[in-house]
Amino acid sequence: MPPAVHHISPDKICGRAKDVIKRLQKAGYEAYLVGGCVRDLLLDRTPKDFDIATSARPEEIRKLFNSCRLIGRRFRLAHIYFGRDYLEVATFRAPHDDNDEGGKVSDEGRIIHDNVYGSLEEDVWRRDFTINALFYNPINGELLDFVGGLDDLRQGKIRLLGDPEKRFREDPVRILRAIRFAAKLGFEIDPHTRAFVTPLGILLEGISSARLFDEIIKLLHCGDGWKTFQLLQEYEILQHLLPLTAESLAEDEEGVFARMLESSLKNTDQRIAEGKSVMPAFLYAVLLWQKVHLVSVAAQLKGYPEMQALHLAATDALRDQVDFTAVPRRYSNITREIWALQARFRHHDLRRANTLLGNPRFRAAYDFLCLRAQAGEPVKEDAEWWTDFQQAAPEERADLCKAVKGSSNQRRRKRRKKSGSNSKPAVPPSE
Ligand code: ATP
Ligand code: MG
């Protein structure tokens, strides 16, 4: 096969990746850049990472590099460290069935272990999409395309290699990957591949919840989270990943929750574009909010105090979600705090307001409050008050608190007059 003509500019290639490839080749192994980085270089985008594929076995890679660690059981890989960063080096794999040593396939056709090593020509076919199966040798500039990947790149097509049904069954996460690349690259999923996306979506429920957590973060924090989310809905995949979110959307007659999701995901995309940090805990706070909110209001109507009601609702929602995607404690604890602080935004006395301002989660919780207000929840006044309070000089803050005290006393007096003095205050829908 003649090397394909291309225009990858050498200065976009990570120097360390080049050095690792050079060293592997010098030791007599084949070594190439492969996967997403070659795809992105050809599209003139900046690759997220530089993956290397080689004929060297994991143990052989380890012998060549001092800073190498082998990881993974399902898929054994070498990580070569440069300080805290590392490059991923994978040995060429061959297709296999259950009887081959190092390979294991479940009754449903899912690959459980993928450690049967092979040649470059075999490795090409175990990759997911044609556009991810291009190999590039940065030392001599050679690009290898065995599968029509360059054509698909030019036409903007996402096409699974081989029989789409079999390939999705082998690893249902490929369904999510198809959607992510479609959103991120603005590509179309090829009709033969697309036909199996919705019908096989249910297989995602058999994937470990830890792996799905990683995939959800990749999907919604890829920089095109809003587009990705829309595709997940369009292909009816959302209910297999985030069933509480899907249910909330189905019951959201006024569209308040839908608006909140949209502005949150668009904000996140914007932050990523500006190189700012984004928080998985915040994402989950938004995705599960409607459920938490409704359950908490129901508990308050049964007589639970507000804070306790919120905690109960949070525990419920997080427990139900964890059956689908694990949410590591370090994130879910922050998610809980963001929710719990929503109740405290109603207090506008100086001492409590100052304490809240010093809370390490204040910023995230305040952003969350603003999102709710923007979406049309009746918390606009609180959001505005907190915006003013933060911007005010310390000596002006006391006045702001007094002003609210006056107006809320008046409100309370009016309410008492209207409804008689011994009626209980109703729970407002948003609180
Ligand atoms: P990006 O890093 O931009 O998200 P990528 O395509 O590089 O996209 P990685 O997860 O880094 O994605 O994987 C690197 C390569 O490994 C892919 O391009 C693909 O060739 C192969 N690969 C990854 N996951 C799978 C999978 N589930 N099935 C088959 N091949 C896969
Ligand atoms: Mg990659």
# chains A, B, ... in the order shown; residues from 1 in each chain; ligands from 1
>>> closest_atom_pairs(of="chain A", to="ligand 2", cutoff="12 Å", atoms="only C-alpha atoms and all ligand atoms", output="tab-separated table")
residue	atom	partner	partner_atom_place_in_ligand_line	distance
A:Leu33	CA	ligand 2	1 (Mg)	10.3
A:Val34	CA	ligand 2	1 (Mg)	8.5
A:Gly35	CA	ligand 2	1 (Mg)	6.3
A:Gly36	CA	ligand 2	1 (Mg)	4.6
A:Cys37	CA	ligand 2	1 (Mg)	6.1
A:Val38	CA	ligand 2	1 (Mg)	9.2
A:Arg39	CA	ligand 2	1 (Mg)	9.5
A:Asp40	CA	ligand 2	1 (Mg)	9.4
A:Leu41	CA	ligand 2	1 (Mg)	11.7
A:Thr46	CA	ligand 2	1 (Mg)	11.1
A:Pro47	CA	ligand 2	1 (Mg)	7.4
A:Lys48	CA	ligand 2	1 (Mg)	6.1
A:Asp49	CA	ligand 2	1 (Mg)	5.0
A:Phe50	CA	ligand 2	1 (Mg)	6.3
A:Asp51	CA	ligand 2	1 (Mg)	6.0
A:Ile52	CA	ligand 2	1 (Mg)	9.7
A:Ala53	CA	ligand 2	1 (Mg)	11.8
A:Leu87	CA	ligand 2	1 (Mg)	10.3
A:Glu88	CA	ligand 2	1 (Mg)	9.1
A:Val89	CA	ligand 2	1 (Mg)	11.3
A:Ala90	CA	ligand 2	1 (Mg)	11.9
A:Asn132	CA	ligand 2	1 (Mg)	9.2
A:Ala133	CA	ligand 2	1 (Mg)	11.8
A:Arg177	CA	ligand 2	1 (Mg)	11.4
A:Phe181	CA	ligand 2	1 (Mg)	11.5
A:Lys218	CA	ligand 2	1 (Mg)	11.2
>>> write_last_selection(atoms="N, CA and C atoms", output="PDB file, in the first residue's frame")
ATOM      1  N   LEU A  33       2.416   7.083  15.539  1.00  0.00           N
ATOM      2  CA  LEU A  33       1.325   7.820  16.175  1.00  0.00           C
ATOM      3  C   LEU A  33       0.047   7.236  15.606  1.00  0.00           C
ATOM      4  N   VAL A  34      -0.988   7.179  16.439  1.00  0.00           N
ATOM      5  CA  VAL A  34      -2.199   6.538  15.966  1.00  0.00           C
ATOM      6  C   VAL A  34      -3.424   7.151  16.640  1.00  0.00           C
ATOM      7  N   GLY A  35      -4.572   6.957  15.981  1.00  0.00           N
ATOM      8  CA  GLY A  35      -5.842   7.330  16.619  1.00  0.00           C
ATOM      9  C   GLY A  35      -6.138   8.810  16.506  1.00  0.00           C
ATOM     10  N   GLY A  36      -6.717   9.325  17.609  1.00  0.00           N
ATOM     11  CA  GLY A  36      -7.241  10.693  17.603  1.00  0.00           C
ATOM     12  C   GLY A  36      -6.222  11.751  17.215  1.00  0.00           C
ATOM     13  N   CYS A  37      -4.957  11.549  17.568  1.00  0.00           N
ATOM     14  CA  CYS A  37      -3.994  12.616  17.271  1.00  0.00           C
ATOM     15  C   CYS A  37      -3.756  12.725  15.764  1.00  0.00           C
ATOM     16  N   VAL A  38      -3.714  11.576  15.067  1.00  0.00           N
ATOM     17  CA  VAL A  38      -3.493  11.627  13.608  1.00  0.00           C
ATOM     18  C   VAL A  38      -4.736  12.266  12.948  1.00  0.00           C
ATOM     19  N   ARG A  39      -5.896  11.816  13.410  1.00  0.00           N
ATOM     20  CA  ARG A  39      -7.164  12.386  12.905  1.00  0.00           C
ATOM     21  C   ARG A  39      -7.172  13.910  13.087  1.00  0.00           C
ATOM     22  N   ASP A  40      -6.850  14.365  14.309  1.00  0.00           N
ATOM     23  CA  ASP A  40      -6.914  15.800  14.582  1.00  0.00           C
ATOM     24  C   ASP A  40      -5.840  16.571  13.816  1.00  0.00           C
ATOM     25  N   LEU A  41      -4.649  15.994  13.682  1.00  0.00           N
ATOM     26  CA  LEU A  41      -3.587  16.678  12.923  1.00  0.00           C
ATOM     27  C   LEU A  41      -4.029  16.874  11.468  1.00  0.00           C
ATOM     28  N   THR A  46      -5.867  20.868  17.220  1.00  0.00           N
ATOM     29  CA  THR A  46      -4.817  20.511  18.180  1.00  0.00           C
ATOM     30  C   THR A  46      -5.204  19.225  18.899  1.00  0.00           C
ATOM     31  N   PRO A  47      -4.374  18.173  18.778  1.00  0.00           N
ATOM     32  CA  PRO A  47      -4.726  16.907  19.437  1.00  0.00           C
ATOM     33  C   PRO A  47      -4.760  17.046  20.953  1.00  0.00           C
ATOM     34  N   LYS A  48      -5.653  16.246  21.576  1.00  0.00           N
ATOM     35  CA  LYS A  48      -5.777  16.263  23.031  1.00  0.00           C
ATOM     36  C   LYS A  48      -4.612  15.493  23.647  1.00  0.00           C
ATOM     37  N   ASP A  49      -4.269  14.384  23.008  1.00  0.00           N
ATOM     38  CA  ASP A  49      -3.130  13.597  23.483  1.00  0.00           C
ATOM     39  C   ASP A  49      -2.500  12.880  22.290  1.00  0.00           C
ATOM     40  N   PHE A  50      -1.286  12.366  22.495  1.00  0.00           N
ATOM     41  CA  PHE A  50      -0.581  11.682  21.400  1.00  0.00           C
ATOM     42  C   PHE A  50      -0.426  10.218  21.758  1.00  0.00           C
ATOM     43  N   ASP A  51      -1.221   9.365  21.131  1.00  0.00           N
ATOM     44  CA  ASP A  51      -1.136   7.937  21.437  1.00  0.00           C
ATOM     45  C   ASP A  51      -0.196   7.255  20.457  1.00  0.00           C
ATOM     46  N   ILE A  52       0.535   6.269  20.998  1.00  0.00           N
ATOM     47  CA  ILE A  52       1.540   5.571  20.193  1.00  0.00           C
ATOM     48  C   ILE A  52       1.177   4.094  20.123  1.00  0.00           C
ATOM     49  N   ALA A  53       1.316   3.513  18.938  1.00  0.00           N
ATOM     50  CA  ALA A  53       1.109   2.062  18.794  1.00  0.00           C
ATOM     51  C   ALA A  53       2.426   1.465  18.327  1.00  0.00           C
ATOM     52  N   LEU A  87       2.824   9.557  28.305  1.00  0.00           N
ATOM     53  CA  LEU A  87       2.359   9.179  26.970  1.00  0.00           C
ATOM     54  C   LEU A  87       1.886   7.739  27.037  1.00  0.00           C
ATOM     55  N   GLU A  88       0.828   7.445  26.283  1.00  0.00           N
ATOM     56  CA  GLU A  88       0.285   6.089  26.310  1.00  0.00           C
ATOM     57  C   GLU A  88       0.834   5.313  25.116  1.00  0.00           C
ATOM     58  N   VAL A  89       1.414   4.146  25.391  1.00  0.00           N
ATOM     59  CA  VAL A  89       1.958   3.321  24.309  1.00  0.00           C
ATOM     60  C   VAL A  89       1.262   1.961  24.345  1.00  0.00           C
ATOM     61  N   ALA A  90       0.597   1.601  23.247  1.00  0.00           N
ATOM     62  CA  ALA A  90      -0.143   0.337  23.194  1.00  0.00           C
ATOM     63  C   ALA A  90       0.513  -0.603  22.200  1.00  0.00           C
ATOM     64  N   ASN A 132     -10.270   6.866  12.978  1.00  0.00           N
ATOM     65  CA  ASN A 132      -9.376   6.656  14.123  1.00  0.00           C
ATOM     66  C   ASN A 132      -8.370   5.545  13.846  1.00  0.00           C
ATOM     67  N   ALA A 133      -8.306   5.096  12.589  1.00  0.00           N
ATOM     68  CA  ALA A 133      -7.454   3.938  12.293  1.00  0.00           C
ATOM     69  C   ALA A 133      -6.305   4.312  11.350  1.00  0.00           C
ATOM     70  N   ARG A 177     -18.818   6.985  21.829  1.00  0.00           N
ATOM     71  CA  ARG A 177     -17.700   7.584  21.091  1.00  0.00           C
ATOM     72  C   ARG A 177     -18.182   8.121  19.737  1.00  0.00           C
ATOM     73  N   PHE A 181     -17.683  12.059  18.760  1.00  0.00           N
ATOM     74  CA  PHE A 181     -16.933  12.554  17.595  1.00  0.00           C
ATOM     75  C   PHE A 181     -17.852  13.295  16.632  1.00  0.00           C
ATOM     76  N   LYS A 218     -16.232  12.844  29.543  1.00  0.00           N
ATOM     77  CA  LYS A 218     -15.651  13.111  28.216  1.00  0.00           C
ATOM     78  C   LYS A 218     -16.718  13.683  27.277  1.00  0.00           C
TER      79      LYS A 218
END
>>> select_by_dssp(residues="stretch 83-198 of chain A", states="strand (DSSP E)", output="list in words")
Asp85, Tyr86, Leu87, Glu88, Val89, Ala90, Thr91, Gly103, Lys104, Val105, Ile111, Ile112, His113, Asp114, Phe135, Tyr136, Asn137, Glu142, Leu143, Leu144, Lys157, Ile158, Glu188 and Ile189 of chain A
>>> residues_around(residues="A:Met260", least_positions_apart="3", cutoff="8 Å", atoms="only C-alpha atoms", output="PDB file with C-alpha atoms, in the first residue's frame")
ATOM      1  CA  VAL A 256     -37.445  25.494  33.028  1.00  0.00           C
ATOM      2  CA  PHE A 257     -35.123  22.527  33.537  1.00  0.00           C
ATOM      3  CA  SER A 263     -27.387  27.431  29.545  1.00  0.00           C
ATOM      4  CA  SER A 264     -25.210  25.362  31.843  1.00  0.00           C
ATOM      5  CA  VAL A 286     -27.255  20.507  37.242  1.00  0.00           C
ATOM      6  CA  LEU A 371     -28.410  29.475  36.422  1.00  0.00           C
ATOM      7  CA  ARG A 372     -31.671  28.703  38.205  1.00  0.00           C
ATOM      8  CA  GLN A 374     -31.840  32.601  34.327  1.00  0.00           C
ATOM      9  CA  ALA A 375     -33.841  29.471  33.579  1.00  0.00           C
TER      10      ALA A 375
END
>>> select_by_dssp(residues="stretch 24-216 of chain A", states="alpha helix (DSSP H)", output="short mmCIF file (atom, residue, chain, number, x, y, z; two decimals) with C-alpha atoms, in the first residue's frame")
data_model
loop_
_atom_site.label_atom_id
_atom_site.label_comp_id
_atom_site.auth_asym_id
_atom_site.auth_seq_id
_atom_site.Cartn_x
_atom_site.Cartn_y
_atom_site.Cartn_z
CA LEU A 24 11.32 2.29 19.83
CA GLN A 25 12.26 2.28 16.15
CA LYS A 26 15.99 2.34 16.98
CA GLY A 36 -7.24 10.69 17.60
CA CYS A 37 -3.99 12.62 17.27
CA VAL A 38 -3.49 11.63 13.61
CA ARG A 39 -7.16 12.39 12.90
CA ASP A 40 -6.91 15.80 14.58
CA LEU A 41 -3.59 16.68 12.92
CA LEU A 42 -5.12 15.95 9.52
CA PRO A 58 4.43 -4.18 27.18
CA GLU A 59 7.38 -5.87 28.96
CA GLU A 60 9.72 -4.86 26.14
CA ILE A 61 8.53 -1.26 26.34
CA ARG A 62 9.20 -1.27 30.06
CA LYS A 63 12.77 -2.42 29.49
CA LEU A 64 13.43 0.47 27.11
CA LEU A 120 0.07 -3.49 12.56
CA GLU A 121 -2.24 -4.79 9.79
CA GLU A 122 -4.29 -6.61 12.43
CA ASP A 123 -4.28 -3.71 14.86
CA VAL A 124 -5.94 -1.47 12.27
CA TRP A 125 -9.11 -3.60 12.35
CA ARG A 126 -9.62 -3.64 16.09
CA GLY A 149 -10.02 6.73 6.80
CA LEU A 150 -8.70 9.70 4.83
CA ASP A 151 -11.71 9.64 2.51
CA ASP A 152 -14.07 9.55 5.47
CA LEU A 153 -12.19 12.42 7.08
CA ARG A 154 -12.64 14.46 3.92
CA GLN A 155 -16.32 13.61 3.73
CA PRO A 164 -21.48 -2.32 12.98
CA GLU A 165 -23.75 -4.51 15.07
CA LYS A 166 -20.90 -6.85 16.05
CA ARG A 167 -18.57 -3.94 16.81
CA PHE A 168 -21.11 -2.13 19.00
CA ARG A 169 -21.85 -5.37 20.85
CA GLU A 170 -18.13 -5.98 21.43
CA VAL A 173 -19.03 2.46 24.66
CA ARG A 174 -18.33 2.85 20.94
CA ILE A 175 -21.92 4.17 20.73
CA LEU A 176 -20.93 7.06 22.96
CA ARG A 177 -17.70 7.58 21.09
CA ALA A 178 -19.61 7.85 17.78
CA ILE A 179 -21.82 10.54 19.30
CA ARG A 180 -18.90 12.40 20.86
CA PHE A 181 -16.93 12.55 17.60
CA ALA A 182 -20.05 13.52 15.64
CA ALA A 183 -20.56 16.49 17.98
CA LYS A 184 -16.92 17.45 18.37
CA LEU A 185 -15.96 17.26 14.71
CA PRO A 191 -26.17 5.40 7.90
CA HIS A 192 -25.02 1.75 8.40
CA THR A 193 -23.41 2.67 11.69
CA ARG A 194 -26.24 5.02 12.70
CA VAL A 197 -27.03 3.40 17.67
CA THR A 198 -30.55 3.65 19.12
CA PRO A 199 -31.48 -0.06 19.09
CA LEU A 200 -28.26 -1.10 20.86
CA SER A 209 -20.59 2.44 36.18
CA ALA A 210 -17.01 3.65 36.73
CA ARG A 211 -16.23 3.50 33.01
CA LEU A 212 -19.50 5.26 32.21
CA PHE A 213 -18.67 8.08 34.61
CA ASP A 214 -15.44 8.73 32.67
CA GLU A 215 -17.34 8.62 29.40
CA ILE A 216 -20.02 11.06 30.57
#
>>> closest_residue(among="A:Arg346, A:Arg127, A:Lys157, A:Lys227", to="ligand 1", atoms="only C-alpha atoms and all ligand atoms")
A:Arg127
>>> closest_residue(among="A:His348, A:Gln230, A:Arg84, A:Ile8", to="A:Ala398", atoms="only C-alpha atoms")
A:His348
>>> residues_around(residues="A:Phe229", least_positions_apart="3", cutoff="12 Å", atoms="only C-alpha atoms", output="MDAnalysis selection string")
chainID A and resid 176 179:180 182:184 216:226 232:239 241:242 245:246 258 261:262 264:266 269 287
>>> closest_residue(among="A:Met307, A:Leu161, A:Ala299, A:Ala365", to="ligand 1", atoms="only C-alpha atoms and all ligand atoms")
A:Leu161
>>> atom_distance(atom1="atom CA of A:Tyr81", atom2="atom CA of A:Ser67")
5.3 Å
